[in-house]
Each structure stands twice: as C-alpha cells, then as structure tokens.
$ cat start27.cif   # mmCIF, C-alpha atoms and all ligand atoms
data_query
loop_
_atom_site.label_atom_id
_atom_site.label_comp_id
_atom_site.auth_asym_id
_atom_site.auth_seq_id
_atom_site.Cartn_x
_atom_site.Cartn_y
_atom_site.Cartn_z
CA MET B 1 0.00 0.00 0.00
CA ARG B 2 1.05 3.55 -0.69
CA ILE B 3 0.21 5.72 2.29
CA LEU B 4 -0.01 9.44 2.91
CA LEU B 5 0.00 10.34 6.62
CA LEU B 6 -1.12 13.88 7.48
CA GLY B 7 0.36 15.73 10.45
CA SER B 8 3.67 16.69 12.01
CA GLY B 9 3.68 15.83 15.72
CA GLY B 10 4.77 13.08 18.04
CA ARG B 11 1.54 11.24 17.29
CA GLU B 12 2.39 11.14 13.58
CA ASN B 13 5.97 10.07 14.31
CA ALA B 14 4.62 7.14 16.35
CA LEU B 15 2.09 6.24 13.62
CA ALA B 16 4.84 6.43 10.97
CA TRP B 17 7.12 4.24 13.09
CA LYS B 18 4.34 1.67 13.44
CA MET B 19 3.25 1.70 9.79
CA ALA B 20 6.87 1.37 8.65
CA GLN B 21 6.86 -2.09 10.29
CA SER B 22 3.91 -3.27 8.21
CA SER B 23 4.41 -6.12 5.76
CA ILE B 24 1.94 -4.50 3.35
CA LEU B 25 3.57 -1.06 3.18
CA ASP B 26 5.05 -0.07 -0.18
CA ALA B 27 5.62 3.65 0.34
CA LEU B 28 5.01 6.10 3.17
CA PHE B 29 4.76 9.85 2.77
CA ILE B 30 4.22 12.22 5.69
CA ALA B 31 2.85 15.72 5.17
CA PRO B 32 4.43 17.85 6.48
CA GLY B 33 6.16 15.48 8.97
CA ASN B 34 9.23 16.36 11.03
CA ALA B 35 12.86 15.31 11.49
CA GLY B 36 11.65 12.10 13.15
CA THR B 37 9.12 10.96 10.55
CA LYS B 38 11.83 11.28 7.90
CA GLN B 39 13.39 8.11 9.26
CA TYR B 40 10.32 6.11 8.21
CA GLY B 41 9.23 7.68 4.95
CA THR B 42 9.39 10.76 2.78
CA ASN B 43 8.33 14.12 4.19
CA VAL B 44 6.27 16.24 1.85
CA ALA B 45 5.86 20.02 2.22
CA LEU B 46 2.06 20.03 2.15
CA ASN B 47 -0.47 21.70 4.40
CA PRO B 48 -2.99 19.03 5.56
CA THR B 49 -5.87 21.51 5.36
CA ASP B 50 -5.08 22.49 1.75
CA PHE B 51 -7.30 19.80 0.25
CA GLU B 52 -6.56 20.69 -3.37
CA ALA B 53 -2.83 20.32 -2.73
CA VAL B 54 -3.44 17.00 -0.96
CA LYS B 55 -5.50 15.88 -3.96
CA SER B 56 -2.74 16.64 -6.49
CA PHE B 57 -0.19 14.80 -4.41
CA VAL B 58 -2.42 11.79 -3.86
CA LEU B 59 -3.11 11.46 -7.59
CA ASP B 60 0.50 12.08 -8.66
CA GLU B 61 1.86 9.54 -6.21
CA LYS B 62 -0.92 6.97 -6.66
CA ILE B 63 -1.68 6.95 -2.95
CA ASP B 64 -4.01 4.14 -1.79
CA MET B 65 -4.81 5.41 1.68
CA VAL B 66 -4.71 8.71 3.56
CA VAL B 67 -4.25 8.48 7.33
CA VAL B 68 -5.29 11.68 9.09
CA GLY B 69 -3.39 12.40 12.32
CA PRO B 70 -4.82 15.70 13.67
CA GLU B 71 -8.44 16.84 14.01
CA ASP B 72 -8.39 19.98 11.86
CA PRO B 73 -8.54 18.35 8.42
CA LEU B 74 -11.29 16.01 9.69
CA VAL B 75 -13.41 18.76 11.21
CA LEU B 76 -12.94 20.72 7.96
CA GLY B 77 -14.18 17.72 5.99
CA ILE B 78 -11.21 16.12 4.25
CA HIS B 79 -12.94 12.73 4.18
CA ASP B 80 -16.10 14.26 2.66
CA PHE B 81 -13.89 16.07 0.11
CA PHE B 82 -12.43 12.72 -0.98
CA LEU B 83 -15.83 11.03 -1.21
CA ALA B 84 -17.27 13.87 -3.27
CA ASP B 85 -14.46 13.80 -5.83
CA GLU B 86 -14.70 11.23 -8.59
CA ALA B 87 -10.93 10.81 -8.84
CA LEU B 88 -10.52 10.41 -5.07
CA ALA B 89 -13.66 8.58 -3.99
CA LYS B 90 -12.06 5.13 -4.03
CA ILE B 91 -9.04 6.18 -1.99
CA ALA B 92 -9.37 5.11 1.64
CA VAL B 93 -9.33 7.79 4.31
CA ILE B 94 -8.69 6.83 7.92
CA GLY B 95 -10.55 9.44 9.97
CA PRO B 96 -14.26 10.25 10.13
CA GLN B 97 -16.31 12.54 7.91
CA LYS B 98 -17.27 16.02 8.97
CA GLU B 99 -20.55 15.13 10.65
CA ALA B 100 -18.96 12.54 12.95
CA ALA B 101 -15.92 14.75 13.56
CA GLN B 102 -18.33 17.05 15.37
CA LEU B 103 -18.00 14.67 18.30
CA GLU B 104 -14.77 16.61 18.78
CA GLY B 105 -15.58 19.78 16.85
CA SER B 106 -18.73 20.66 18.80
CA LYS B 107 -19.13 20.00 22.51
CA ASP B 108 -22.87 20.59 22.17
CA PHE B 109 -23.15 17.98 19.41
CA ALA B 110 -21.20 15.50 21.57
CA LYS B 111 -23.40 16.17 24.61
CA GLN B 112 -26.61 15.78 22.59
CA PHE B 113 -25.30 12.54 21.13
CA MET B 114 -24.46 11.18 24.59
CA ALA B 115 -27.81 12.24 26.03
CA LYS B 116 -29.65 10.57 23.16
CA HIS B 117 -27.76 7.30 23.55
CA ASN B 118 -27.66 7.19 27.34
CA ILE B 119 -23.90 7.44 27.55
CA PRO B 120 -22.73 8.52 31.03
CA THR B 121 -21.44 12.09 31.06
CA ALA B 122 -21.75 15.24 33.21
CA LYS B 123 -25.16 16.97 33.24
CA TYR B 124 -25.17 20.05 31.05
CA ALA B 125 -26.97 22.84 29.25
CA THR B 126 -25.94 24.92 26.24
CA PHE B 127 -26.27 28.71 25.91
CA THR B 128 -25.78 31.42 23.29
CA LYS B 129 -25.52 35.20 23.41
CA ASP B 130 -29.31 35.37 23.27
CA THR B 131 -29.73 33.13 26.30
CA LEU B 132 -27.02 34.67 28.49
CA GLU B 133 -29.53 35.46 31.28
CA GLN B 134 -30.68 31.85 31.33
CA GLY B 135 -27.00 30.87 31.49
CA TYR B 136 -26.56 33.01 34.61
CA ALA B 137 -29.64 31.41 36.16
CA PHE B 138 -28.32 27.93 35.30
CA LEU B 139 -25.00 28.75 37.01
CA GLU B 140 -26.88 30.00 40.07
CA GLY B 141 -28.56 26.63 40.38
CA MET B 142 -25.22 24.77 40.39
CA ASN B 143 -22.42 24.34 42.90
CA ALA B 144 -18.77 25.33 42.45
CA PRO B 145 -16.55 24.54 40.68
CA TYR B 146 -18.21 25.67 37.44
CA VAL B 147 -17.19 24.09 34.13
CA LEU B 148 -17.59 26.26 31.00
CA LYS B 149 -16.73 24.89 27.58
CA ALA B 150 -16.51 26.73 24.29
CA ASP B 151 -18.55 24.66 21.86
CA GLY B 152 -16.02 24.67 19.02
CA LEU B 153 -12.32 23.90 18.61
CA ALA B 154 -10.22 26.32 20.66
CA ALA B 155 -6.74 24.76 20.47
CA GLY B 156 -7.21 22.98 23.80
CA LYS B 157 -7.88 26.24 25.65
CA GLY B 158 -11.67 26.37 25.47
CA VAL B 159 -12.45 24.75 28.83
CA LEU B 160 -12.57 26.92 31.95
CA ILE B 161 -13.02 25.61 35.48
CA LEU B 162 -13.94 28.36 37.92
CA ASP B 163 -14.19 28.35 41.68
CA ASN B 164 -16.72 31.12 42.22
CA LEU B 165 -20.02 32.16 40.74
CA LYS B 166 -19.05 35.75 40.02
CA GLU B 167 -16.04 34.71 37.96
CA ALA B 168 -18.08 32.04 36.19
CA LYS B 169 -20.70 34.60 35.15
CA ALA B 170 -18.04 37.04 33.97
CA GLU B 171 -16.35 34.32 31.88
CA LEU B 172 -19.66 33.17 30.45
CA LYS B 173 -20.34 36.72 29.30
CA SER B 174 -16.84 37.10 27.89
CA MET B 175 -17.20 33.85 25.93
CA LEU B 176 -20.68 34.54 24.58
CA SER B 177 -20.83 38.32 24.21
CA ASP B 178 -17.17 39.23 23.68
CA ALA B 179 -16.17 36.16 21.63
CA LYS B 180 -13.35 35.22 24.01
CA PHE B 181 -12.60 32.17 21.85
CA GLY B 182 -13.94 33.68 18.64
CA GLU B 183 -16.64 31.73 16.81
CA ALA B 184 -15.78 28.67 18.97
CA SER B 185 -17.45 30.29 21.99
CA SER B 186 -20.58 31.54 20.24
CA ARG B 187 -22.15 28.59 22.05
CA VAL B 188 -21.05 27.54 25.53
CA VAL B 189 -21.72 24.26 27.30
CA ILE B 190 -22.00 24.56 31.07
CA GLU B 191 -21.62 21.27 32.84
CA GLN B 192 -21.54 19.61 36.20
CA PHE B 193 -18.04 19.22 37.66
CA LEU B 194 -16.97 15.59 38.00
CA SER B 195 -14.35 14.63 40.52
CA GLY B 196 -12.17 11.63 39.75
CA ILE B 197 -9.11 10.42 37.88
CA GLU B 198 -8.88 10.66 34.07
CA CYS B 199 -7.75 8.21 31.44
CA SER B 200 -8.00 7.86 27.67
CA VAL B 201 -9.46 4.90 25.82
CA PHE B 202 -8.99 4.44 22.07
CA VAL B 203 -11.05 2.50 19.62
CA LEU B 204 -10.59 1.88 15.92
CA THR B 205 -13.86 1.38 14.05
CA ASP B 206 -15.05 0.72 10.52
CA GLY B 207 -18.53 1.92 11.47
CA ASP B 208 -19.84 -1.58 12.20
CA SER B 209 -17.35 -3.28 14.44
CA TYR B 210 -14.57 -1.92 16.59
CA LYS B 211 -11.30 -2.87 18.25
CA ILE B 212 -10.24 -1.50 21.60
CA LEU B 213 -6.61 -0.39 21.69
CA PRO B 214 -4.44 -0.11 24.82
CA GLU B 215 -5.68 2.61 27.17
CA ALA B 216 -3.42 5.41 28.39
CA LYS B 217 -3.20 8.27 30.84
CA ASP B 218 -1.66 11.57 29.91
CA TYR B 219 -0.29 14.38 32.06
CA LYS B 220 -1.60 17.68 30.74
CA ARG B 221 -0.25 20.28 33.14
CA ILE B 222 3.15 21.89 32.70
CA GLY B 223 4.17 21.60 36.34
CA GLU B 224 4.98 18.69 38.61
CA GLY B 225 2.12 17.37 40.71
CA ASP B 226 -0.28 18.37 37.90
CA THR B 227 0.05 22.10 38.53
CA GLY B 228 0.27 25.16 36.28
CA LEU B 229 -0.99 25.73 32.76
CA ASN B 230 -2.53 23.12 30.50
CA THR B 231 -0.34 21.83 27.68
CA GLY B 232 -0.88 19.45 24.80
CA GLY B 233 0.43 16.74 27.14
CA MET B 234 3.73 16.28 28.99
CA GLY B 235 3.89 12.50 29.15
CA ALA B 236 1.80 9.34 29.13
CA ILE B 237 1.68 5.84 30.47
CA SER B 238 0.01 2.59 29.39
CA PRO B 239 -1.57 0.44 30.71
CA VAL B 240 -3.41 2.46 33.35
CA PRO B 241 -3.42 0.63 36.71
CA PHE B 242 -6.95 1.69 37.74
CA ALA B 243 -8.42 0.74 34.35
CA ASP B 244 -8.81 -2.87 35.47
CA ALA B 245 -11.04 -5.50 33.87
CA ALA B 246 -14.12 -4.43 35.84
CA PHE B 247 -13.70 -0.76 34.86
CA MET B 248 -12.94 -1.56 31.22
CA ASP B 249 -16.00 -3.79 31.08
CA LYS B 250 -18.14 -0.82 32.11
CA VAL B 251 -16.35 1.36 29.57
CA LYS B 252 -17.12 -1.15 26.86
CA ASN B 253 -20.75 -1.76 27.74
CA GLN B 254 -21.82 1.72 28.85
CA ILE B 255 -19.68 3.85 26.53
CA ILE B 256 -17.97 2.16 23.59
CA ILE B 257 -20.80 -0.06 22.36
CA PRO B 258 -23.49 2.65 22.74
CA THR B 259 -21.22 5.08 20.87
CA VAL B 260 -20.51 2.81 17.91
CA LYS B 261 -24.13 1.61 17.76
CA GLY B 262 -25.42 5.14 18.27
CA LEU B 263 -23.43 6.45 15.33
CA LYS B 264 -24.76 3.67 13.16
CA ALA B 265 -28.34 4.18 14.36
CA ASP B 266 -28.05 7.91 13.63
CA GLN B 267 -26.65 7.04 10.17
CA ILE B 268 -23.40 8.84 10.88
CA PRO B 269 -20.62 6.92 9.12
CA TYR B 270 -17.38 6.62 11.08
CA LYS B 271 -14.11 5.16 9.88
CA GLY B 272 -11.17 5.84 12.10
CA PHE B 273 -10.11 6.31 15.67
CA ILE B 274 -12.46 7.34 18.46
CA PHE B 275 -10.70 8.80 21.49
CA PHE B 276 -12.75 8.61 24.67
CA GLY B 277 -11.54 11.07 27.30
CA LEU B 278 -12.89 9.44 30.46
CA ILE B 279 -13.05 10.17 34.13
CA ASN B 280 -13.32 7.45 36.75
CA VAL B 281 -15.70 8.63 39.46
CA LYS B 282 -15.64 6.06 42.25
CA GLY B 283 -15.26 3.21 39.79
CA GLU B 284 -17.85 4.51 37.31
CA PRO B 285 -16.67 5.80 33.91
CA TYR B 286 -18.02 9.08 32.47
CA VAL B 287 -17.16 10.68 29.15
CA ILE B 288 -15.43 14.06 29.55
CA GLU B 289 -14.85 14.47 25.83
CA TYR B 290 -14.67 12.67 22.51
CA ASN B 291 -11.90 13.24 20.00
CA CYS B 292 -12.02 12.02 16.42
CA ARG B 293 -8.33 11.10 16.29
CA MET B 294 -5.61 9.57 18.41
CA GLY B 295 -4.20 11.43 21.42
CA ASP B 296 -0.81 13.03 21.62
CA PRO B 297 1.28 11.95 23.59
CA GLU B 298 -0.93 8.89 24.19
CA THR B 299 -0.15 7.52 20.71
CA GLU B 300 3.51 7.41 21.73
CA VAL B 301 2.65 4.69 24.27
CA VAL B 302 -0.35 3.09 22.53
CA MET B 303 1.45 2.30 19.24
CA PRO B 304 4.44 0.71 21.00
CA ARG B 305 1.98 -1.56 22.85
CA LEU B 306 0.17 -2.66 19.71
CA ARG B 307 1.64 -5.88 18.34
CA SER B 308 -0.67 -6.22 15.34
CA ASP B 309 0.06 -4.78 11.91
CA LEU B 310 -1.53 -1.32 11.93
CA LEU B 311 -2.00 -1.22 8.15
CA ASP B 312 -3.81 -4.54 8.28
CA LEU B 313 -6.22 -2.95 10.78
CA PHE B 314 -6.57 0.17 8.61
CA GLU B 315 -7.31 -2.03 5.61
CA GLY B 316 -10.02 -3.65 7.74
CA VAL B 317 -11.46 -0.20 8.44
CA ALA B 318 -11.41 0.75 4.77
CA THR B 319 -13.06 -2.46 3.57
CA ASN B 320 -15.47 -2.96 6.48
CA THR B 321 -13.70 -6.14 7.53
CA LEU B 322 -12.23 -4.95 10.80
CA SER B 323 -14.08 -7.70 12.68
CA GLU B 324 -11.97 -10.29 10.85
CA ARG B 325 -8.69 -8.74 11.94
CA ASP B 326 -6.69 -9.70 14.95
CA VAL B 327 -5.54 -7.21 17.60
CA GLN B 328 -2.75 -8.17 19.96
CA PHE B 329 -1.06 -6.12 22.62
CA ASP B 330 2.44 -6.10 24.00
CA GLU B 331 2.06 -7.04 27.66
CA ARG B 332 4.91 -4.78 28.72
CA PHE B 333 4.32 -1.35 30.21
CA ALA B 334 5.18 1.76 28.22
CA ALA B 335 5.86 5.29 29.37
CA THR B 336 6.69 8.44 27.45
CA VAL B 337 8.17 11.68 28.72
CA MET B 338 7.85 14.84 26.66
CA MET B 339 10.81 17.20 26.37
CA VAL B 340 9.57 20.72 25.69
CA SER B 341 11.04 24.14 24.92
CA GLY B 342 11.55 26.31 28.01
CA GLY B 343 8.62 28.71 28.38
CA TYR B 344 6.05 26.39 26.74
CA PRO B 345 2.99 26.52 26.80
CA GLU B 346 3.51 30.28 26.80
CA SER B 347 6.16 31.89 24.60
CA TYR B 348 9.31 29.90 23.86
CA GLU B 349 12.22 29.95 21.46
CA LYS B 350 12.65 27.72 18.42
CA GLY B 351 15.62 26.83 16.25
CA LYS B 352 17.74 25.18 18.95
CA GLN B 353 19.96 22.29 17.90
CA VAL B 354 19.19 18.94 19.56
CA TYR B 355 22.22 16.95 20.71
CA GLY B 356 22.68 13.39 21.90
CA LEU B 357 19.89 11.60 20.02
CA HIS B 358 22.39 8.93 18.90
CA THR B 359 23.03 8.01 22.55
CA VAL B 360 19.50 6.65 22.94
CA GLN B 361 19.74 2.90 22.43
CA ASP B 362 17.05 1.24 24.44
CA SER B 363 14.20 3.78 24.16
CA LEU B 364 12.18 5.17 21.27
CA VAL B 365 12.47 8.86 20.48
CA PHE B 366 9.40 10.26 18.71
CA HIS B 367 9.85 13.76 17.38
CA ALA B 368 7.05 16.20 18.12
CA GLY B 369 8.38 19.62 17.17
CA THR B 370 11.58 19.29 15.15
CA LYS B 371 12.85 19.88 11.67
CA ALA B 372 15.89 18.64 9.88
CA ASP B 373 18.63 21.05 8.91
CA GLY B 374 21.01 18.89 6.89
CA PRO B 375 22.08 16.21 9.35
CA ALA B 376 21.18 18.39 12.36
CA VAL B 377 17.87 18.26 14.24
CA ILE B 378 16.49 21.67 15.18
CA THR B 379 13.59 22.44 17.54
CA SER B 380 10.53 23.90 15.83
CA GLY B 381 7.76 23.70 18.43
CA GLY B 382 6.80 23.76 22.10
CA ARG B 383 6.69 20.02 22.49
CA VAL B 384 9.94 18.75 20.96
CA LEU B 385 10.57 15.05 21.68
CA ALA B 386 8.64 12.21 23.30
CA VAL B 387 10.97 9.60 24.78
CA THR B 388 9.19 6.25 25.16
CA SER B 389 10.44 3.15 26.95
CA TYR B 390 9.16 -0.30 27.80
CA GLY B 391 9.44 -1.84 31.23
CA ARG B 392 8.24 -4.82 33.28
CA ASN B 393 6.27 -2.24 35.27
CA LEU B 394 5.59 1.48 34.95
CA ALA B 395 8.39 2.51 37.28
CA ALA B 396 10.92 0.59 35.19
CA ALA B 397 9.60 2.09 31.93
CA LEU B 398 9.73 5.59 33.38
CA ASP B 399 13.24 5.12 34.80
CA LYS B 400 14.46 4.08 31.39
CA SER B 401 13.00 7.15 29.68
CA TYR B 402 14.48 9.43 32.32
CA GLN B 403 17.89 7.78 31.87
CA ALA B 404 17.70 8.24 28.10
CA ILE B 405 16.79 11.91 28.50
CA GLU B 406 19.95 12.55 30.56
CA ASN B 407 21.99 12.48 27.37
CA VAL B 408 19.62 14.39 25.09
CA GLU B 409 19.99 18.13 25.16
CA PHE B 410 18.86 21.36 23.64
CA ASP B 411 19.00 24.89 24.99
CA LYS B 412 16.31 25.54 27.65
CA ALA B 413 14.90 22.01 27.49
CA TYR B 414 12.31 21.20 30.17
CA TYR B 415 10.46 18.04 31.13
CA ARG B 416 8.37 16.87 34.06
CA LYS B 417 10.23 14.52 36.34
CA ASP B 418 7.09 13.06 37.89
CA ILE B 419 5.16 11.46 35.01
CA GLY B 420 3.08 8.63 36.47
CA PHE B 421 3.40 10.05 39.99
CA ASP B 422 -0.25 9.42 40.87
CA VAL B 423 -0.44 5.81 39.77
CA VAL B 424 3.06 4.36 40.11
CA GLU B 425 4.19 2.84 43.35
CA ARG B 426 7.73 3.81 44.21
P1 LIG A 501 -12.06 18.77 27.56
O1 LIG A 501 -11.44 19.65 26.53
O2 LIG A 501 -13.53 18.69 27.48
O3 LIG A 501 -11.40 17.43 27.65
O4 LIG A 501 -11.70 19.43 28.97
C1 LIG A 501 -10.36 19.70 29.32
C2 LIG A 501 -10.07 19.24 30.73
O5 LIG A 501 -10.95 19.90 31.65
C3 LIG A 501 -10.34 17.76 30.96
O6 LIG A 501 -9.25 16.97 30.61
C4 LIG A 501 -10.65 17.72 32.44
O7 LIG A 501 -9.44 17.72 33.19
C5 LIG A 501 -11.34 19.02 32.69
N1 LIG A 501 -12.80 18.83 32.65
C6 LIG A 501 -13.60 18.94 31.57
N2 LIG A 501 -14.89 18.69 31.89
C7 LIG A 501 -14.91 18.44 33.21
C8 LIG A 501 -15.94 18.11 34.14
N3 LIG A 501 -17.21 18.03 33.76
N4 LIG A 501 -15.59 17.90 35.42
C9 LIG A 501 -14.30 17.99 35.81
N5 LIG A 501 -13.29 18.31 34.99
C10 LIG A 501 -13.57 18.52 33.71
N1 LIG A 502 -3.37 14.34 24.96
C1 LIG A 502 -4.67 14.81 24.76
C2 LIG A 502 -5.06 15.00 23.37
O1 LIG A 502 -4.41 14.55 22.45
O2 LIG A 502 -6.08 15.64 23.14
#

$ encode --input "start27.cif" --output "structure tokens"
Amino acid sequence: MRILLLGSGGRENALAWKMAQSSILDALFIAPGNAGTKQYGTNVALNPTDFEAVKSFVLDEKIDMVVVGPEDPLVLGIHDFFLADEALAKIAVIGPQKEAAQLEGSKDFAKQFMAKHNIPTAKYATFTKDTLEQGYAFLEGMNAPYVLKADGLAAGKGVLILDNLKEAKAELKSMLSDAKFGEASSRVVIEQFLSGIECSVFVLTDGDSYKILPEAKDYKRIGEGDTGLNTGGMGAISPVPFADAAFMDKVKNQIIIPTVKGLKADQIPYKGFIFFGLINVKGEPYVIEYNCRMGDPETEVVMPRLRSDLLDLFEGVATNTLSERDVQFDERFAATVMMVSGGYPESYEKGKQVYGLHTVQDSLVFHAGTKADGPAVITSGGRVLAVTSYGRNLAAALDKSYQAIENVEFDKAYYRKDIGFDVVER
C-alpha cells in the first residue's frame, strides 16, 4: 500500500514508526512530517488543510490510503472532500467525515449525542448570546466549581473551570458576548463538575465493528504534581493501573458499544479512531470528551503496545472487515516523557539544535516539534521530543526514559520529572 499520513507531531511520528513495520507497506509519505518521521518515509511540504494540494499529491503519487493524524482536516471535511471527488472517492481515508468529527468539533453535538444514547457524562446545558440570562440562572442553580466549555475547537484552551459564581458569570459573558474564543465560543456548554481520575481509551472502528486499543493516561499540566498551565500533554503511560477488567468492562458496555451503535443508528458513518476522554468517578466511567483522532502523547505509548500490523487494521477499516482482523497487545508497560522548549505553553524559542539523540539505544524517540537542517535536528515547536520506553512495570519504563533523556539536550529544554506520579508505586 502507498500511504499518505497527514500531520507533524509526536503522534504522527509514532504512527509512521508503526506503519513502517507493516508487511503491506510499499511507500510512506508524511505531510508535512518532522525530522523524526523522515526516518520512516518521505516528508512532503504540504499543508494538511489544503485539500486541493493534498488531492494533487495523492493522484500524482498513486496513494491508496490517507491516514489523518490531527483533528483539523477532519473537522474541515477532508474525508467528505475525498468522497465527493470522482478521482478520489475510491481512496481510503482513515478518519471520520465532517458530521462525525463534530463529536470533537462541537461539545454541544457531543453532549446531545451522549444524552440521546444514554452514555454517562456530566449533566449540562448549552447557551448562546441570546440566552445569556438563562445561562446566569443555570449557574446560580449549580455548585462550584463551574465548568464552562466553548462549543467549538479552541486549540485545547476552550475549557474553563472556575471556583466562584461571580467569575463564572463574567467568563460566560466574555465567551458569549465578547467572543473570548472567537466563533468557537458563540455557544457555551456549562456542565456539572466531575471529581475523579482521568484516562484515555482508544477504539478503531469501521462503522460496524470496533477494536479497543491499549488505554493510556496523559499528564496535561506543565508543572509537577499536575500544577500550572494546560499543555498538549507532557507525558503518558500505558496500561493504566486503575483501568482494570471491571472498569474496562463498564467502559465497553456503557460507553464504547453505545457510541458505535449510536453512530450507526443515527446514520453517521465513522471510519477511524475514536478517542474517549474518560473520568473514573468512584469506579464509574463518564465521558469528559470525545476526540475524532488519536491522542498526543498517548499515541507514543499506545502504538508501541500494539503488536498487530496497523496497516492490516486500517485495511479492515477501509473495507469494512475490521471484525476479521486480529488485535494483539504487547504485555509490557510503556511510558513516554515529553521534552519541551523552556517557556512552553507560553512563549518559547525555536531553532535550537538537539544533541545526543544517537546516545538513545534502548528507548524510542518520537519527534514532536523538530525539523531537519542537513544532518542536524532543530527544535521547531513547544513540544519537541517524546521519549518512550518499555518496562516490566511502569516505574521501570519511566526510569528508562528518564535515563535516556539525561543524554539528550537542547537549549532551555524542560520536562516533568514526575510522570506517572499518581499511579506508580515507588
Ligand atoms: P475537555 O477539553 O472537554 O477534555 O476538557 C479539558 C479538561 O478539563 C479535561 O481533561 C478535564 O481535566 C477538565 N474537565 C472537563 N470537563 C470536566 C468536568 N465536567 N468535570 C471535571 N473536569 C472537567
Ligand atoms: N493528549 C490529549 C489530546 O491529544 O487531546
């Protein structure tokens, strides 16, 4: 198969690494990719949301399948664009069409879907500029903390959790009336605060059947002990100790099956990954959010734990034969630690040379924000490298990643030294 993978982060590096091991891969292109993906295929200077440019490349290179890493092209309708074009319609796209991508692209759509299909999630109501007063009244009827969510995509910043009513009202007004998050906050979901521990569950589906992939837990805050600003994710572990068989059984029966069946019942086709952002409240799973793609940095531990041929699974998705495919996991534990540019997630410098990558022997280095400059690797983003290791337990996997990181350097590099702190026994 000739594959075009869209995206440029650590997730795409991990997907490229995994697909490069497939016995049915003939050629792999990554657009735009990074200095890490280059090891597994050919980087192409293409913008994943420039559908016409993607089309020309796909036709010129006789691509058989497009694998979409990030959400933007999906929410903008890249899969629909392919289906609507005579020359592209037969080319497989891994990633849902626009309607289903609203599970991530619109919090209100996701909440309505969950309510309709009885999927456990926080109680909620949705407001617009015209119903601001009702929004205030709704907040008055709730207890702190207050959870406000911009309906649309807001680069991971659209969720506010506020401790007092006055602040919550002020933020609601700023989101609805002053377009705090632009068009994304023209609708705001207010929901009940759930207290528990989060984890991420991933499913690959062809729209009829599904396969559950290894679960993971990511660490979103910049500071140790889960403090400070939210980031794209500072590290991840898999498996997740509290996601035991009893919990995963509930996840499957109360969340995964109703989601896949609900999509089918609503005649919403879905081919690709479903990311369930879950919270465990006293042993009961609730959906915090859906994403229509894999997580980053979760992919950097999920792909290493997948033994099966990923392209074989993707072929199953494309041809509606996923149920016939076999999914096997690596029983080892995996942990990834993200090295970021100093200052991230606020302002940071780019263009720093990365040293010491050749010293890493026993871990996997997935590039997140790098570019190649001749033989040199240069930083080009906030999140720079995800260093993944296997271990007989989580502590061993983490120790190995931390050892590997000792010899990898770039100016003002930062990483959290406590990934896994809440679930690993030391
Ligand atoms: P989201 O973008 O919906 O995943 O929200 C971002 C983060 O906000 C989540 O990862 C949670 O940590 C937190 N969060 C969102 N919704 C809730 C909720 N209803 N109760 C508690 N925390 C929440
Ligand atoms: N790590 C969370 C996400 O990818 O959305």

$ residues_near_ligand --input "start27.cif" --ligand "ligand LIG 502 (chain A)" --cutoff "10 Å" --atoms "only C-alpha atoms and all ligand atoms" --output "MDAnalysis selection string"
chainID B and resid 11 70:71 104 155:156 199:200 216:220 231:236 275:277 289:299

$ residues_near_ligand --input "start27.cif" --ligand "ligand LIG 501 (chain A)" --cutoff "6 Å" --atoms "only C-alpha atoms and all ligand atoms" --output "list in words"
Ala122, Val159, Glu191, Gln192, Phe193, Leu194, Ser195, Ile288 and Glu289 of chain B

$ closest_residue --input "start27.cif" --among "B:Pro32, B:Gly196, B:Pro239, B:Gly374" --to "Ala397 of chain B" --atoms "only C-alpha atoms"
B:Pro239

$ closest_residue --input "start27.cif" --among "B:Thr37, B:Glu198, B:Ala395, B:Leu311" --to "Met1 of chain B" --atoms "all atoms listed in the file"
B:Leu311

$ residues_around --input "start27.cif" --residues "Pro214 of chain B" --least-positions-apart "4" --cutoff "9 Å" --atoms "only C-alpha atoms" --output "PyMOL selection string"
chain B and resi 201-203+238-240+301-303+305-306+329

$ write_last_selection --input "start27.cif" --atoms "C-alpha atoms" --output "PDB file, in the frame of the given file"
ATOM      1  CA  VAL B 201      -9.460   4.900  25.820  1.00  0.00           C
ATOM      2  CA  PHE B 202      -8.990   4.440  22.070  1.00  0.00           C
ATOM      3  CA  VAL B 203     -11.050   2.500  19.620  1.00  0.00           C
ATOM      4  CA  SER B 238       0.010   2.590  29.390  1.00  0.00           C
ATOM      5  CA  PRO B 239      -1.570   0.440  30.710  1.00  0.00           C
ATOM      6  CA  VAL B 240      -3.410   2.460  33.350  1.00  0.00           C
ATOM      7  CA  VAL B 301       2.650   4.690  24.270  1.00  0.00           C
ATOM      8  CA  VAL B 302      -0.350   3.090  22.530  1.00  0.00           C
ATOM      9  CA  MET B 303       1.450   2.300  19.240  1.00  0.00           C
ATOM     10  CA  ARG B 305       1.980  -1.560  22.850  1.00  0.00           C
ATOM     11  CA  LEU B 306       0.170  -2.660  19.710  1.00  0.00           C
ATOM     12  CA  PHE B 329      -1.060  -6.120  22.620  1.00  0.00           C
TER      13      PHE B 329
END

$ closest_atom_pairs --input "start27.cif" --of "segment 84-136 of chain B" --to "segment 58-61 of chain B" --cutoff "12 Å" --atoms "only C-alpha atoms" --output "CSV"
residue,atom,partner,partner_atom,distance
B:Asp85,CA,B:Leu59,CA,11.7
B:Glu86,CA,B:Leu59,CA,11.6
B:Ala87,CA,B:Leu59,CA,7.9
B:Leu88,CA,B:Leu59,CA,7.9
B:Ala89,CA,B:Leu59,CA,11.5
B:Lys90,CA,B:Leu59,CA,11.5
B:Ile91,CA,B:Val58,CA,8.9
B:Ala92,CA,B:Val58,CA,11.1
B:Val93,CA,B:Val58,CA,11.4
